[in-house]
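The data block below is final-v7.tsv; it holds TSV, C-alpha atoms.
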chain	number	residue	atom	x	y	z
O	1	MET	CA	14.29	-75.72	5.57
O	2	ASN	CA	14.07	-72.83	3.11
O	3	PHE	CA	15.32	-69.31	3.66
O	4	ALA	CA	11.98	-67.77	4.66
O	5	GLN	CA	11.34	-70.54	7.21
O	6	GLU	CA	14.80	-70.07	8.70
O	7	ILE	CA	14.28	-66.31	9.06
O	8	GLU	CA	10.90	-66.96	10.69
O	9	ARG	CA	12.49	-69.45	13.09
O	10	LEU	CA	15.16	-66.92	14.07
O	11	ALA	CA	12.55	-64.18	14.52
O	12	LYS	CA	10.47	-66.46	16.73
O	13	LEU	CA	13.49	-67.32	18.88
O	14	HIS	CA	14.29	-63.62	19.18
O	15	ALA	CA	10.68	-62.80	20.14
O	16	GLU	CA	10.70	-65.55	22.80
O	17	GLY	CA	13.91	-64.13	24.26
O	18	ALA	CA	16.08	-67.12	23.34
O	19	LEU	CA	18.22	-64.84	21.13
O	20	THR	CA	19.43	-61.37	21.99
O	21	ALA	CA	19.22	-58.62	19.36
O	22	GLU	CA	22.95	-59.01	18.68
O	23	GLU	CA	22.68	-62.79	18.29
O	24	PHE	CA	19.67	-62.41	16.00
O	25	THR	CA	21.48	-59.85	13.80
O	26	LYS	CA	24.60	-62.05	13.65
O	27	ALA	CA	22.61	-65.19	12.73
O	28	LYS	CA	20.68	-63.29	10.08
O	29	SER	CA	23.91	-61.92	8.59
O	30	GLN	CA	25.42	-65.40	8.49
O	31	LEU	CA	22.32	-66.74	6.77
O	32	LEU	CA	22.42	-63.98	4.17
O	33	SER	CA	26.09	-64.59	3.45
O	34	THR	CA	25.62	-68.28	2.60
O	35	PRO	CA	26.69	-69.20	-0.96
O	36	ALA	CA	23.10	-69.82	-2.06
O	37	PHE	CA	22.26	-66.17	-1.42
O	38	SER	CA	25.57	-64.52	-2.16
O	39	LYS	CA	24.97	-64.84	-5.94
O	40	PHE	CA	21.84	-62.71	-5.80
O	41	PRO	CA	21.33	-59.17	-4.58
O	42	VAL	CA	19.36	-59.56	-1.38
O	43	LYS	CA	19.03	-55.89	-0.56
O	44	GLY	CA	16.04	-54.19	-2.07
O	45	ILE	CA	15.60	-50.51	-2.81
O	46	ARG	CA	13.70	-48.31	-0.35
O	47	ARG	CA	13.61	-44.58	-1.04
O	48	GLN	CA	11.07	-41.86	-0.40
O	49	SER	CA	10.72	-38.13	-0.55
O	50	THR	CA	11.11	-36.05	2.58
O	51	ARG	CA	8.31	-33.78	1.35
O	52	LYS	CA	4.86	-34.84	2.49
O	53	PHE	CA	1.46	-34.04	1.04
O	54	TYR	CA	-1.67	-35.11	2.95
O	55	GLY	CA	0.53	-37.33	5.12
O	56	LEU	CA	2.05	-39.19	2.17
O	57	PRO	CA	5.55	-38.77	0.78
O	58	LEU	CA	5.57	-37.01	-2.59
O	59	TRP	CA	7.25	-40.10	-4.10
O	60	ALA	CA	8.22	-43.54	-2.82
O	61	ILE	CA	10.16	-46.44	-4.32
O	62	ALA	CA	10.18	-49.95	-2.81
O	63	ILE	CA	11.56	-52.73	-4.98
O	64	GLY	CA	12.80	-56.14	-3.91
O	65	PRO	CA	13.12	-57.81	-0.52
O	66	ASP	CA	14.17	-56.10	2.68
O	67	TRP	CA	15.10	-58.90	5.05
O	68	GLU	CA	15.75	-56.56	7.97
O	69	ARG	CA	12.13	-55.39	7.88
O	70	GLY	CA	10.89	-58.92	7.11
O	71	GLU	CA	9.50	-57.91	3.70
O	72	MET	CA	9.66	-60.28	0.75
O	73	ARG	CA	8.32	-57.57	-1.59
O	74	GLY	CA	8.57	-53.82	-1.48
O	75	HIS	CA	5.41	-51.86	-0.75
O	76	ALA	CA	5.68	-48.24	-1.86
O	77	ARG	CA	3.19	-45.76	-0.42
O	78	GLY	CA	3.19	-42.20	-1.74
O	79	ILE	CA	1.59	-39.70	-4.09
O	80	PHE	CA	3.79	-41.22	-6.83
O	81	ALA	CA	4.49	-44.83	-5.85
O	82	LEU	CA	6.75	-47.31	-7.65
O	83	GLY	CA	7.26	-50.78	-6.24
O	84	ASP	CA	6.54	-54.46	-6.22
O	85	ILE	CA	3.30	-53.35	-4.55
O	86	ALA	CA	2.44	-49.69	-5.06
O	87	THR	CA	-0.27	-47.68	-3.33
O	88	GLY	CA	-0.70	-44.02	-4.14
O	89	TRP	CA	-2.46	-41.44	-6.24
O	90	PHE	CA	-0.26	-42.49	-9.18
O	91	ALA	CA	0.83	-46.10	-8.65
O	92	PHE	CA	3.18	-48.17	-10.82
O	93	GLY	CA	4.11	-51.75	-9.91
O	94	GLY	CA	3.44	-55.45	-9.99
O	95	MET	CA	0.30	-54.73	-8.03
O	96	ALA	CA	-0.75	-51.11	-8.31
O	97	ARG	CA	-3.56	-49.37	-6.42
O	98	GLY	CA	-4.38	-45.72	-6.94
O	99	PHE	CA	-6.37	-43.10	-8.82
O	100	LEU	CA	-4.14	-43.91	-11.81
O	101	ALA	CA	-2.81	-47.46	-11.55
O	102	ILE	CA	-0.44	-49.10	-14.01
O	103	GLY	CA	0.86	-52.62	-13.37
O	104	GLY	CA	0.48	-56.35	-13.65
O	105	LEU	CA	-2.63	-56.13	-11.49
O	106	ALA	CA	-3.98	-52.58	-11.52
O	107	ILE	CA	-6.86	-51.33	-9.38
O	108	GLY	CA	-8.05	-47.72	-9.44
O	109	LEU	CA	-10.22	-45.07	-11.04
O	110	PHE	CA	-8.14	-45.42	-14.22
O	111	ALA	CA	-6.42	-48.81	-14.40
O	112	PHE	CA	-4.03	-50.12	-17.04
O	113	GLY	CA	-2.45	-53.57	-16.71
O	114	GLY	CA	-2.45	-57.26	-17.38
O	115	ALA	CA	-5.52	-57.48	-15.20
O	116	ALA	CA	-7.20	-54.12	-14.70
O	117	VAL	CA	-10.09	-53.15	-12.44
O	118	GLY	CA	-11.06	-49.53	-12.96
O	119	VAL	CA	-14.05	-47.63	-11.65
O	120	LEU	CA	-14.11	-45.34	-14.68
O	121	VAL	CA	-11.67	-46.87	-17.20
O	122	ALA	CA	-9.94	-50.26	-17.29
O	123	VAL	CA	-7.58	-51.29	-20.08
O	124	GLY	CA	-5.80	-54.64	-19.98
O	125	GLY	CA	-5.70	-58.27	-20.92
O	126	ALA	CA	-8.63	-58.76	-18.56
O	127	ALA	CA	-10.50	-55.52	-17.87
O	128	ILE	CA	-13.40	-54.75	-15.54
O	129	GLY	CA	-14.72	-51.21	-15.30
O	130	GLY	CA	-17.16	-48.53	-16.39
O	131	LEU	CA	-15.38	-48.45	-19.75
O	132	ALA	CA	-13.52	-51.74	-20.17
O	133	ILE	CA	-11.15	-52.37	-23.06
O	134	GLY	CA	-9.23	-55.64	-23.26
O	135	GLY	CA	-8.96	-59.19	-24.42
O	136	GLY	CA	-11.73	-60.00	-21.96
O	137	ALA	CA	-13.75	-56.92	-21.06
O	138	VAL	CA	-16.63	-56.57	-18.60
O	139	GLY	CA	-18.24	-53.19	-17.97
O	140	GLY	CA	-20.97	-50.73	-18.73
O	141	VAL	CA	-19.26	-50.20	-22.07
O	142	ALA	CA	-17.09	-53.19	-23.02
O	143	ILE	CA	-14.78	-53.44	-26.01
O	144	GLY	CA	-12.66	-56.54	-26.57
O	145	GLY	CA	-12.25	-60.02	-27.92
O	146	GLY	CA	-14.79	-61.19	-25.38
O	147	ALA	CA	-16.95	-58.27	-24.28
O	148	CYS	CA	-19.79	-58.26	-21.77
O	149	GLY	CA	-21.62	-55.04	-21.01
O	150	TYR	CA	-24.67	-52.88	-21.54
O	151	TYR	CA	-22.96	-51.74	-24.73
O	152	ALA	CA	-20.58	-54.45	-25.97
O	153	PHE	CA	-18.33	-54.50	-29.03
O	154	GLY	CA	-16.18	-57.51	-29.81
O	155	GLY	CA	-15.61	-60.88	-31.33
O	156	GLY	CA	-17.85	-62.45	-28.73
O	157	ALA	CA	-20.11	-59.71	-27.42
O	158	VAL	CA	-22.83	-60.23	-24.82
O	159	GLY	CA	-25.10	-57.47	-23.58
O	160	VAL	CA	-28.21	-55.42	-24.15
O	161	HIS	CA	-26.80	-53.62	-27.20
O	162	THR	CA	-24.03	-55.49	-29.00
O	163	ILE	CA	-21.89	-55.40	-32.08
O	164	SER	CA	-20.29	-58.71	-32.95
O	165	PRO	CA	-19.81	-60.85	-36.05
O	166	LEU	CA	-23.13	-62.53	-35.25
O	167	HIS	CA	-25.26	-59.51	-34.34
O	168	GLN	CA	-25.20	-55.76	-35.09
O	169	ASP	CA	-27.66	-53.86	-32.92
O	170	PRO	CA	-28.56	-50.47	-34.50
O	171	ALA	CA	-28.62	-48.76	-31.06
O	172	ALA	CA	-25.12	-50.10	-30.32
O	173	PHE	CA	-23.90	-49.00	-33.74
O	174	ASP	CA	-25.22	-45.46	-33.13
O	175	PHE	CA	-23.65	-45.37	-29.66
O	176	PHE	CA	-20.23	-46.55	-30.82
O	177	GLN	CA	-20.37	-44.31	-33.89
O	178	GLN	CA	-21.04	-41.29	-31.69
O	179	TYR	CA	-18.49	-41.96	-28.89
O	180	PHE	CA	-15.95	-44.24	-30.59
O	181	PRO	CA	-16.05	-43.37	-34.31
O	182	TRP	CA	-12.76	-45.14	-35.03
O	183	PHE	CA	-14.23	-48.49	-33.88
O	184	THR	CA	-17.20	-48.41	-36.23
O	185	LYS	CA	-14.93	-49.02	-39.22
O	186	PHE	CA	-14.68	-52.59	-37.87
O	187	ALA	CA	-18.47	-53.03	-37.86
O	188	HIS	CA	-20.48	-53.71	-40.97
O	189	GLN	CA	-23.74	-51.76	-40.96
Output the structure of this file as structure tokens.
Amino acid sequence: MNFAQEIERLAKLHAEGALTAEEFTKAKSQLLSTPAFSKFPVKGIRRQSTRKFYGLPLWAIAIGPDWERGEMRGHARGIFALGDIATGWFAFGGMARGFLAIGGLAIGLFAFGGAAVGVLVAVGGAAIGGLAIGGGAVGGVAIGGGACGYYAFGGGAVGVHTISPLHQDPAAFDFFQQYFPWFTKFAHQ
């Protein structure tokens, strides 16, 4: 039985009334002090601002597990959020959701990450958004190794107006020259 299953078993026994709160806490402490877990820090970081703005803390940090709350990953919620999972206006984390999101998986108005989904702008290894820039880019305007969009610029570009090694659409060239003049040096007109 692994650690998570053992914690779940103890929680179930406690919920059924077979363990008192004291017995549950003692069993959990014993489990956490076993040699397999004593080598690793098992206490995560949970901090947040006392100041609130629109019901959210000004800043919040949640990194690592918090066994007492039953969380395997920290979920930070605040105006500025930093955590394993971060939700806020400005979110930074493994999975980040916010107006500005930066992380492994970033979702927001402006998203930057390994995989980025942005309503307006997405920049990442895989990017989906209004303006998508990445190794694989899908959007209204897509720039990347593989680009798919109304205006697409890349090694493998698919769309209505494209610039690629195989095809140079004059309308796409004019568009990219007007809005992205530094990219047109890579296109041969």
Determine, counting only C-alpha atoms, which protein, DNA and RNA residues have an atom within 8 Å of an atom of Ala172 in chain O; residues of the same chain fewer than 3 positions away are not included. Present the result as a compact mmCIF listing (two decimals) with C-alpha atoms, in the coordinates of the input.
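Result went into around.txt, see below:
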# COMPACT_ATOMS: atom_id res chain seq x y z
CA TYR O 151 -22.96 -51.74 -24.73
CA ALA O 152 -20.58 -54.45 -25.97
CA HIS O 161 -26.80 -53.62 -27.20
CA THR O 162 -24.03 -55.49 -29.00
CA ILE O 163 -21.89 -55.40 -32.08
CA GLN O 168 -25.20 -55.76 -35.09
CA ASP O 169 -27.66 -53.86 -32.92
CA PHE O 175 -23.65 -45.37 -29.66
CA PHE O 176 -20.23 -46.55 -30.82
ask   = Near Gly74 in chain O, counting all atoms listed in the file, which residues have an atom at most 10 Å away, once you skip same-chain residues fewer than 6 positions from it, shown as a list of chain:residue names?
value = O:Gly44, O:Ile45, O:Arg46, O:Ile61, O:Ala62, O:Ile63, O:Gly64, O:Pro65, O:Asp66, O:Leu82, O:Gly83, O:Asp84, O:Ile85, O:Ala86, O:Gly93
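The two atoms in question, CA of Asp174 in chain O and CA of Val119 in chain O, are spaced 24.3 Å apart.
Atom pair CA of Lys43 in chain O / CA of Ile79 in chain O has a distance of 24.1 Å (rounded to one decimal).
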request  = Quote the spacing between CA of Ala157 in chain O and CA of Ala122 in chain O in Å to one decimal place.
outcome  = 17.2 Å
ask   = For the point (-4.6, -47.4, -15.9) in file coordinates, what residues are within 7 Å, counting all atoms listed in the file? Give the answer as a count of residues only?
value = 10
message = Just want the 12 Å neighbourhood of Lys52 in chain O, counted on only C-alpha atoms, with same-chain residues fewer than 3 positions away dropped. Output as a list in words.
response = Gln48, Ser49, Gly55, Leu56, Pro57, Leu58, Trp59, Ala60, Arg77, Gly78, Ile79 and Phe80 of chain O
message = Applying 12 Å and only C-alpha atoms, which residues near Phe24 in chain O remain after dropping the ones on its own chain fewer than 2 positions away? List them as a PyMOL selection string.
response = chain O and resi 6-22+26-31+68
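The smallest atom-to-atom distance between Gly154 in chain O and any of O:Gly94, O:Gly129, O:Gly135, O:Gly70, using only C-alpha atoms, is found for O:Gly135.
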